[in-house]
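One file, protein05.tsv, is given below (TSV, C-alpha atoms and all ligand atoms).
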chain	number	residue	atom	x	y	z
A	1	MET	CA	75.89	120.99	42.14
A	2	GLU	CA	75.32	121.70	38.50
A	3	PHE	CA	74.60	118.42	36.82
A	4	VAL	CA	73.00	117.53	33.56
A	5	PRO	CA	71.32	114.15	33.79
A	6	LEU	CA	71.78	113.19	30.23
A	7	ASP	CA	72.94	110.02	28.60
A	8	PRO	CA	74.85	110.33	25.36
A	9	ILE	CA	72.29	111.19	22.75
A	10	PRO	CA	71.51	108.12	20.67
A	11	GLN	CA	70.49	108.47	17.07
A	12	LEU	CA	66.77	108.73	17.32
A	13	ALA	CA	66.15	108.31	13.63
A	14	HIS	CA	62.68	107.00	14.05
A	15	SER	CA	61.06	107.19	17.41
A	16	SER	CA	59.32	103.83	17.11
A	17	GLU	CA	62.76	102.24	17.08
A	18	ALA	CA	63.36	103.73	20.49
A	19	MET	CA	60.21	102.25	21.96
A	20	SER	CA	60.38	99.24	24.19
A	21	PRO	CA	58.47	96.17	22.94
A	22	ILE	CA	55.79	96.94	25.53
A	23	ALA	CA	55.53	100.57	24.46
A	24	LYS	CA	55.29	99.43	20.84
A	25	LYS	CA	52.50	97.07	21.73
A	26	PHE	CA	50.47	99.81	23.36
A	27	ALA	CA	51.36	102.64	21.01
A	28	PRO	CA	48.41	103.48	18.82
A	29	SER	CA	48.82	101.80	15.46
A	30	ILE	CA	48.25	104.95	13.48
A	31	SER	CA	50.65	107.16	11.62
A	32	SER	CA	52.10	110.07	13.53
A	33	ALA	CA	50.39	112.54	11.20
A	34	ALA	CA	47.02	110.98	11.99
A	35	TRP	CA	47.86	111.13	15.67
A	36	VAL	CA	48.60	114.85	15.46
A	37	VAL	CA	45.30	115.44	13.74
A	38	MET	CA	43.53	113.49	16.46
A	39	ALA	CA	45.45	115.34	19.15
A	40	ALA	CA	44.52	118.65	17.57
A	41	ALA	CA	40.88	117.68	17.75
A	42	ASN	CA	41.27	117.56	21.52
A	43	GLU	CA	43.25	120.80	21.45
A	44	PRO	CA	46.37	119.73	23.29
A	45	ALA	CA	48.38	121.00	20.32
A	46	SER	CA	47.02	124.52	20.75
A	47	GLU	CA	47.58	124.25	24.49
A	48	LEU	CA	51.15	123.27	23.77
A	49	LEU	CA	51.67	126.23	21.43
A	50	GLY	CA	50.25	128.57	24.09
A	51	TYR	CA	52.61	126.99	26.59
A	52	LEU	CA	55.63	127.52	24.33
A	53	ASP	CA	54.60	131.16	23.94
A	54	VAL	CA	54.73	131.58	27.70
A	55	LEU	CA	58.21	130.06	27.92
A	56	MET	CA	59.75	131.69	24.88
A	57	GLY	CA	58.26	135.18	25.06
A	58	ALA	CA	59.86	137.25	22.33
A	59	ALA	CA	63.05	135.22	22.24
A	60	ALA	CA	64.82	135.39	18.90
A	61	SER	CA	63.72	132.93	16.25
A	62	GLU	CA	67.23	131.45	16.15
A	63	SER	CA	67.07	130.47	19.81
A	64	PHE	CA	66.31	126.85	20.64
A	65	ILE	CA	63.66	125.02	22.58
A	66	GLU	CA	64.87	121.93	24.39
A	67	MET	CA	62.66	118.88	24.45
A	68	ARG	CA	63.70	115.95	26.56
A	69	SER	CA	62.00	112.63	26.68
A	70	ARG	CA	62.63	109.50	28.62
A	71	LEU	CA	64.30	106.76	26.69
A	72	ARG	CA	63.47	103.33	28.02
A	73	GLU	CA	64.18	103.13	31.74
A	74	THR	CA	67.70	104.35	31.73
A	75	GLY	CA	68.03	107.78	30.27
A	76	MET	CA	66.77	110.89	28.67
A	77	VAL	CA	67.22	112.06	25.15
A	78	ALA	CA	67.52	115.77	24.40
A	79	GLN	CA	66.35	117.26	21.12
A	80	PHE	CA	66.53	120.90	20.11
A	81	TYR	CA	64.17	122.81	17.87
A	82	SER	CA	64.64	126.37	16.76
A	83	ARG	CA	61.98	128.84	17.77
A	84	ALA	CA	60.87	128.90	14.15
A	85	GLU	CA	60.14	125.16	14.21
A	86	THR	CA	57.43	125.04	16.85
A	87	ASP	CA	55.09	123.06	14.59
A	88	ARG	CA	57.71	120.36	14.16
A	89	LEU	CA	58.34	120.43	17.88
A	90	ALA	CA	54.63	120.10	18.63
A	91	ARG	CA	54.46	117.01	16.43
A	92	ALA	CA	57.53	115.52	18.13
A	93	VAL	CA	56.06	116.21	21.57
A	94	ALA	CA	52.76	114.58	20.64
A	95	GLU	CA	54.50	111.56	19.19
A	96	ARG	CA	56.86	110.99	22.13
A	97	ALA	CA	54.16	111.72	24.71
A	98	ARG	CA	52.18	108.68	23.58
A	99	VAL	CA	54.87	106.40	24.92
A	100	THR	CA	56.96	108.27	27.45
A	101	ASP	CA	57.47	111.31	29.68
A	102	VAL	CA	58.22	114.50	27.79
A	103	TYR	CA	59.74	117.69	29.17
A	104	ILE	CA	60.45	121.16	27.78
A	105	GLY	CA	63.19	123.54	28.94
A	106	CYS	CA	61.62	126.52	30.71
A	107	ALA	CA	64.10	128.97	29.21
A	108	PRO	CA	65.19	129.41	25.59
A	109	ARG	CA	68.58	127.87	24.78
A	110	SER	CA	71.10	129.97	22.87
A	111	CYS	CA	72.66	126.83	21.39
A	112	ARG	CA	71.91	123.13	21.24
A	113	ARG	CA	72.78	122.44	24.85
A	114	GLY	CA	70.77	121.82	27.98
A	115	ASP	CA	73.18	123.15	30.58
A	116	LYS	CA	73.52	126.62	32.01
A	117	ARG	CA	76.04	127.71	29.40
A	118	ALA	CA	73.17	127.71	26.89
A	119	ILE	CA	70.95	130.02	28.90
A	120	ARG	CA	71.28	133.73	28.39
A	121	GLU	CA	67.75	134.93	28.99
A	122	VAL	CA	64.65	133.78	30.79
A	123	TRP	CA	61.13	134.82	29.81
A	124	THR	CA	59.05	133.39	32.60
A	125	LEU	CA	59.24	132.68	36.32
A	126	TRP	CA	57.91	129.39	37.66
A	127	VAL	CA	57.35	127.22	40.71
A	128	GLU	CA	56.72	123.51	41.08
A	129	CYS	CA	54.14	122.84	43.75
A	130	ASP	CA	53.93	119.43	45.39
A	131	GLY	CA	50.71	119.05	47.33
A	132	ALA	CA	47.38	120.85	47.51
A	133	GLU	CA	48.49	123.46	50.01
A	134	SER	CA	51.37	124.77	47.93
A	135	ALA	CA	49.29	124.56	44.73
A	136	ALA	CA	46.58	126.69	46.32
A	137	ALA	CA	49.14	129.16	47.67
A	138	ALA	CA	50.68	129.62	44.21
A	139	GLN	CA	47.32	130.14	42.55
A	140	SER	CA	46.17	132.68	45.10
A	141	LEU	CA	49.41	134.65	45.07
A	142	ARG	CA	49.09	138.21	43.78
A	143	PRO	CA	49.54	138.65	40.91
A	144	HIS	CA	48.02	135.31	39.99
A	145	PRO	CA	50.13	133.11	37.72
A	146	ALA	CA	49.16	133.50	34.07
A	147	LEU	CA	49.48	129.77	33.49
A	148	VAL	CA	48.92	126.80	35.77
A	149	ILE	CA	49.61	123.24	34.63
A	150	ALA	CA	48.54	120.10	36.48
A	151	SER	CA	51.49	117.70	36.20
A	152	GLY	CA	49.45	114.52	36.46
A	153	SER	CA	50.47	113.56	40.00
A	154	ASP	CA	47.96	114.22	42.78
A	155	SER	CA	47.28	117.93	43.12
A	156	ASN	CA	50.76	118.93	41.96
A	157	VAL	CA	50.91	121.96	39.68
A	158	HIS	CA	53.46	124.12	37.91
A	159	ALA	CA	52.66	127.83	37.97
A	160	TYR	CA	54.15	130.36	35.55
A	161	TRP	CA	54.47	134.14	35.59
A	162	PRO	CA	55.53	135.16	32.05
A	163	LEU	CA	57.68	138.30	31.83
A	164	ARG	CA	57.36	141.33	29.57
A	165	GLY	CA	61.06	141.34	28.94
A	166	PRO	CA	63.84	138.81	29.43
A	167	ILE	CA	65.97	138.62	32.55
A	168	GLY	CA	69.30	136.91	33.11
A	169	PRO	CA	69.39	133.33	34.38
A	170	ARG	CA	70.86	134.22	37.76
A	171	GLU	CA	68.21	136.87	38.37
A	172	ALA	CA	65.51	134.40	37.29
A	173	GLU	CA	66.80	131.78	39.69
A	174	ILE	CA	66.70	134.19	42.61
A	175	ALA	CA	63.15	135.24	41.66
A	176	ASN	CA	62.07	131.59	41.34
A	177	LEU	CA	63.58	130.80	44.72
A	178	ARG	CA	61.69	133.69	46.32
A	179	LEU	CA	58.46	132.54	44.71
A	180	ALA	CA	59.03	128.93	45.78
A	181	THR	CA	59.76	130.02	49.33
A	182	ALA	CA	56.67	132.21	49.43
A	183	VAL	CA	54.26	129.49	48.33
A	184	GLY	CA	55.96	126.47	49.89
A	185	ALA	CA	56.92	125.02	46.51
A	186	ASP	CA	59.85	122.70	45.82
A	187	LEU	CA	63.01	124.68	46.62
A	188	ALA	CA	65.16	122.52	44.37
A	189	CYS	CA	63.41	123.60	41.17
A	190	PHE	CA	64.53	127.18	40.71
A	191	ASP	CA	67.30	126.59	38.21
A	192	ALA	CA	67.20	128.23	34.82
A	193	THR	CA	68.05	124.92	33.15
A	194	ARG	CA	64.85	123.41	34.50
A	195	ILE	CA	62.72	121.21	32.25
A	196	LEU	CA	59.02	120.70	33.01
A	197	ARG	CA	56.14	118.73	31.60
A	198	PRO	CA	54.21	120.53	28.85
A	199	PRO	CA	50.41	120.29	28.62
A	200	GLY	CA	48.96	117.77	26.22
A	201	THR	CA	51.46	115.12	27.32
A	202	TRP	CA	51.11	112.22	29.74
A	203	ASN	CA	52.66	111.51	33.08
A	204	HIS	CA	53.90	107.98	32.57
A	205	LYS	CA	54.92	107.52	36.20
A	206	HIS	CA	51.39	106.31	36.67
A	207	ALA	CA	49.68	103.29	35.16
A	208	PRO	CA	47.61	104.11	33.25
A	209	PRO	CA	49.40	107.39	32.40
A	210	ARG	CA	47.69	110.57	33.58
A	211	PRO	CA	47.24	113.70	31.48
A	212	VAL	CA	49.34	116.82	31.96
A	213	ARG	CA	46.81	119.59	31.43
A	214	VAL	CA	46.18	123.29	31.63
A	215	VAL	CA	44.34	124.31	34.80
A	216	SER	CA	44.16	127.98	33.90
A	217	HIS	CA	45.75	130.24	31.32
A	218	SER	CA	45.45	133.94	30.59
A	219	PRO	CA	47.03	134.17	27.13
A	220	GLY	CA	49.06	137.29	26.52
A	221	LEU	CA	49.33	138.21	30.19
A	222	ARG	CA	52.91	139.20	31.05
A	223	PHE	CA	54.42	140.85	34.08
A	224	ALA	CA	57.29	143.09	35.00
A	225	VAL	CA	59.51	140.99	37.24
A	226	ASP	CA	59.13	143.48	40.10
A	227	ASP	CA	55.34	143.19	39.98
A	228	VAL	CA	55.72	139.51	40.73
A	229	ILE	CA	58.43	139.43	43.37
A	230	SER	CA	58.74	142.86	45.02
A	231	GLN	CA	56.28	141.90	47.77
A	232	LEU	CA	58.05	138.63	48.51
A	233	ARG	CA	60.62	138.38	51.23
A	234	HIS	CA	64.25	137.97	50.42
A	235	VAL	CA	65.78	134.55	50.80
A	236	ASP	CA	69.19	132.98	51.23
A	237	ILE	CA	70.56	132.92	47.70
A	238	SER	CA	73.80	131.08	48.39
A	239	GLN	CA	72.65	128.06	46.40
A	240	VAL	CA	72.05	130.30	43.39
A	241	GLU	CA	75.41	132.03	43.77
A	242	GLN	CA	77.12	128.70	44.04
A	243	ARG	CA	75.73	127.69	40.64
A	244	TRP	CA	77.21	130.71	38.93
A	245	ARG	CA	80.58	130.82	40.66
A	246	PRO	CA	83.28	129.47	38.41
A	247	ARG	CA	84.72	126.47	40.17
A	248	ALA	CA	87.85	124.54	39.52
A	249	ARG	CA	86.83	121.05	38.58
A	250	ARG	CA	87.84	118.61	41.21
A	251	ASN	CA	88.53	115.11	40.10
A	252	GLU	CA	89.77	111.87	41.51
A	253	ARG	CA	93.33	112.87	40.74
A	254	ASP	CA	93.30	115.19	43.72
A	255	ASP	CA	90.31	113.84	45.62
A	256	PRO	CA	90.01	110.08	46.07
A	257	LEU	CA	86.39	110.45	47.22
A	258	LEU	CA	85.57	111.41	43.65
A	259	GLY	CA	87.06	108.14	42.44
A	260	ILE	CA	84.64	105.95	44.38
A	261	SER	CA	82.12	104.15	42.23
A	262	PRO	CA	78.59	105.62	42.50
A	263	THR	CA	77.30	102.03	42.82
A	264	VAL	CA	79.33	101.72	46.01
A	265	TYR	CA	78.54	105.06	47.61
A	266	VAL	CA	74.85	105.03	46.72
A	267	ARG	CA	74.56	101.58	48.29
A	268	GLU	CA	76.32	102.79	51.43
A	269	LEU	CA	74.61	106.16	51.76
A	270	VAL	CA	71.09	105.33	50.61
A	271	GLY	CA	71.11	101.72	51.74
A	272	ALA	CA	69.75	100.39	48.47
A	273	ARG	CA	71.55	98.30	45.91
A	274	PRO	CA	71.06	99.48	42.32
A	275	GLY	CA	69.11	96.97	40.25
A	276	ARG	CA	69.98	95.81	36.75
A	277	ASP	CA	68.46	99.04	35.44
A	278	ARG	CA	70.94	100.88	37.69
A	279	LYS	CA	68.13	102.52	39.65
A	280	VAL	CA	67.30	102.81	43.34
A	281	PRO	CA	64.32	104.51	45.02
A	282	CYS	CA	65.14	108.19	45.51
A	283	PRO	CA	65.46	108.94	49.26
A	284	PHE	CA	64.21	112.50	48.86
A	285	HIS	CA	60.58	111.77	48.06
A	286	HIS	CA	58.02	109.01	47.67
A	287	ASP	CA	59.36	106.96	44.78
A	288	GLU	CA	57.32	103.90	43.86
A	289	ARG	CA	59.09	103.38	40.56
A	290	PRO	CA	62.76	103.89	41.42
A	291	SER	CA	63.96	106.99	39.60
A	292	LEU	CA	67.41	107.64	41.02
A	293	HIS	CA	69.83	106.52	38.34
A	294	VAL	CA	73.28	105.39	39.41
A	295	TYR	CA	75.89	105.81	36.71
A	296	ALA	CA	78.87	103.51	36.43
A	297	ALA	CA	81.47	106.26	36.13
A	298	PRO	CA	82.28	108.41	39.18
A	299	GLU	CA	82.35	111.57	37.06
A	300	ARG	CA	78.76	110.96	35.99
A	301	GLY	CA	77.61	110.30	39.53
A	302	TRP	CA	73.94	109.90	40.23
A	303	SER	CA	70.80	111.61	39.04
A	304	CYS	CA	67.14	111.40	39.97
A	305	PHE	CA	64.89	111.71	36.96
A	306	SER	CA	62.01	112.56	39.21
A	307	CYS	CA	63.24	115.35	41.51
A	308	ARG	CA	66.24	116.18	39.25
A	309	ARG	CA	68.66	116.15	42.11
A	310	GLY	CA	72.01	114.72	41.17
A	311	GLY	CA	75.73	115.11	41.27
A	312	SER	CA	78.67	113.57	43.05
A	313	ILE	CA	79.18	111.69	46.31
A	314	TYR	CA	79.29	115.13	47.99
A	315	ASP	CA	75.92	116.22	46.64
A	316	LEU	CA	74.26	112.99	47.75
A	317	ALA	CA	75.75	112.99	51.25
A	318	ALA	CA	75.05	116.73	51.62
A	319	GLU	CA	71.36	116.24	50.79
A	320	LEU	CA	71.09	113.23	53.08
A	321	TRP	CA	72.99	114.67	56.01
A	322	GLY	CA	71.81	118.26	55.71
A	323	PHE	CA	75.10	119.91	54.78
A	324	ARG	CA	75.90	122.52	52.21
A	325	THR	CA	78.63	121.72	49.70
A	326	ARG	CA	80.68	124.80	50.42
A	327	GLY	CA	82.55	126.57	53.16
A	328	ARG	CA	82.90	125.04	56.60
A	329	GLU	CA	80.04	122.67	56.06
A	330	PHE	CA	81.85	121.22	53.07
A	331	VAL	CA	84.98	120.67	55.18
A	332	GLU	CA	82.93	118.78	57.75
A	333	LEU	CA	81.05	116.87	55.04
A	334	ARG	CA	84.34	115.80	53.49
A	335	ARG	CA	85.77	114.75	56.84
A	336	ARG	CA	82.78	112.52	57.51
A	337	LEU	CA	82.89	111.01	54.05
A	338	LEU	CA	86.61	110.24	54.35
A	339	GLU	CA	85.86	108.51	57.62
A	340	ALA	CA	82.88	106.58	56.26
A	341	PHE	CA	84.68	105.52	53.10
A	342	ALA	CA	88.21	105.01	54.46
A	343	ILE	CA	88.59	101.60	52.85
A	344	GLU	CA	87.30	102.75	49.46
A	345	VAL	CA	89.50	105.84	49.58
A	346	ALA	CA	92.55	103.68	50.23
A	347	ARG	CA	91.55	101.48	47.31
A	348	VAL	CA	91.23	104.48	44.97
A	349	GLU	CA	94.58	105.81	46.13
A	350	ARG	CA	96.24	102.50	45.35
A	351	ARG	CA	94.71	102.40	41.89
A	352	PRO	CA	97.49	102.07	39.30
A	353	GLY	CA	98.05	105.02	37.03
A	354	LEU	CA	96.51	107.47	39.42
A	355	GLU	CA	99.16	109.96	40.38
A	356	ARG	CA	97.72	112.14	42.99
A	357	SER	CA	98.95	115.68	43.04
A	358	VAL	CA	97.78	116.83	46.45
A	359	ARG	CA	95.98	115.93	49.70
A	360	PRO	CA	94.76	114.47	52.04
B	401	ZN	ZN	64.36	112.16	43.50
For the file at hand, write its structure as C-alpha cells.
Amino acid sequence: MEFVPLDPIPQLAHSSEAMSPIAKKFAPSISSAAWVVMAAANEPASELLGYLDVLMGAAASESFIEMRSRLRETGMVAQFYSRAETDRLARAVAERARVTDVYIGCAPRSCRRGDKRAIREVWTLWVECDGAESAAAAQSLRPHPALVIASGSDSNVHAYWPLRGPIGPREAEIANLRLATAVGADLACFDATRILRPPGTWNHKHAPPRPVRVVSHSPGLRFAVDDVISQLRHVDISQVEQRWRPRARRNERDDPLLGISPTVYVRELVGARPGRDRKVPCPFHHDERPSLHVYAAPERGWSCFSCRRGGSIYDLAAELWGFRTRGREFVELRRRLLEAFAIEVARVERRPGLERSVRP
C-alpha cells in the first residue's frame, strides 16, 4: 500500500515561475522578503516555528524537514530543509502558501526523501479529525493534545501529542492508529510518512482560501508515549505490519492486472473518466474539486491528494470493495479483478515484449 504521490521534482528555481497565470495575477505584488515581514506581523511565522518544534523535537540538526506544496493542478513538489535551516523553510512556506497548499512531514527525514526509508524516528503522535465530533473527542482526550490545528475545512482539526523522546516509525504508527480509533479520527492517516498542513498557511481547496491556524498550543509540553496511549484499547495493527513487511515487488511481468492502464481501471472501478488534468472525484470522501490523480503509467497508479490514499489497481479495488490486500482476501480480490478485467488482462498478456514468467 505504500505509495508516494510525487511527480518528478521539477527545478523550482524561482517559485513565481511555477505559478499558474491565475495564481500570478492574484499573488501579492510584493517581494517575498516584504511578505515575510508582513506575515511576521500577524505571527504566523512564530506559529510555524512552534509547530516545527513540536514535529522535530530534539531531532539532530542534520535531519531534514520535508515541505511539499501543490504544483499547478497535477502534482506536488517536495523540498527538504535541514533542521538548522528552519528560517529558510519558514520563508519558503510563507511564500508558497500565498498561492498553493503547503504541507510538512510530521516526522524528521534522515535523508532527502519522503518515503518510509527516510524515517527513523518520530517525535510526535497525531490524529486527523474530520468533523466536529471527532475534533471534540481528540481535544477532550486525556492527556489533552499539546497542539491543535484547524485545517481550514469545516471543523476539521489535526491534534498533536509531542513526545519527550523519539520512537520508531512502526511504534508511532501503531500509537497513531490507537489514537485515531479512540477519537473517531481518520484511520488512513497514521503513517509515519504523513504530511500535514502547517499553521500560517492557507487551505486552497476553498475559494477564497481559508486559513490553517492554531486552535490551542501548550509550548514545551511533551509526553511519554505510554502516558498518551496506555489507556487506549488495542487495535488491529495488520495494516501497520503490512507497511513494514518487506515485499517482493510484483509487476506486470508476472501479474497482468498490474499492466492495465490506471485510466482504464479507474474509469471502470470508480465510474468516472479522468479529465484533461487526469483527475476524477475521489470516491472515498466529498470531493468538489476532483483530487484523485490518475497517472498514465501502471506502476505509478493513482493517488488522491486530498485523502492521500493511492496505489495500484489492487489498492483501489480493495478500498472500494472492502477487501484487505493480503491473505485470503487478496486472493478473492484478485479473482474478482481478473474476472472484471478479463479483456484487459488478455490484452496485456498479448502485449509484445512482455514475457511472463508465471501465472495465472
Ligand atoms: Zn481522496
- request: Could you give me the residues within 9 Å of ligand ZN 401 (chain B), counting all atoms listed in the file, as an MDAnalysis selection string?
  value: chainID A and resid 281:287 290:292 303:310
query: Do you know which residues are at most 10 Å from Lys116 in chain A counting all atoms listed in the file, after dropping those on the same chain fewer than 2 positions away, and could you put them as a PyMOL selection string?
result: chain A and resi 2-4+109+113-114+118-120+169-170+191-194+243-244
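Proximity to Arg210 in chain A at 9 Å, evaluated using all atoms listed in the file and with sequence-adjacent residues fewer than 4 positions away removed, yields Ser151, Gly152, Ser153, Thr201, Trp202, Asn203, His204, Lys205 and His206 of chain A.
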message: Please list as an MDAnalysis selection string every residue within 7 Å of Ala78 in chain A, counting only C-alpha atoms and excluding residues in the same chain fewer than 2 positions away.
response: chainID A and resid 9 66:69 76 80
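In this model, the gap between CA of Val214 in chain A and CA of Glu85 in chain A comes to 22.4 Å.
Minimum atom-to-atom distance to Arg213 in chain A, evaluated using all atoms listed in the file, belongs to A:His158 out of A:Arg83, A:Arg267, A:His158, A:Arg326.
Of note, CA of Gln242 in chain A and CA of Thr124 in chain A are spaced 21.9 Å apart.
Between CA of Val127 in chain A and CA of Arg222 in chain A there is a distance of 16.0 Å.
With distances restricted to all atoms listed in the file, A:Ile260 is the closest residue to Glu344 in chain A from A:Val102, A:Ala90, A:Ile260, A:Leu179.
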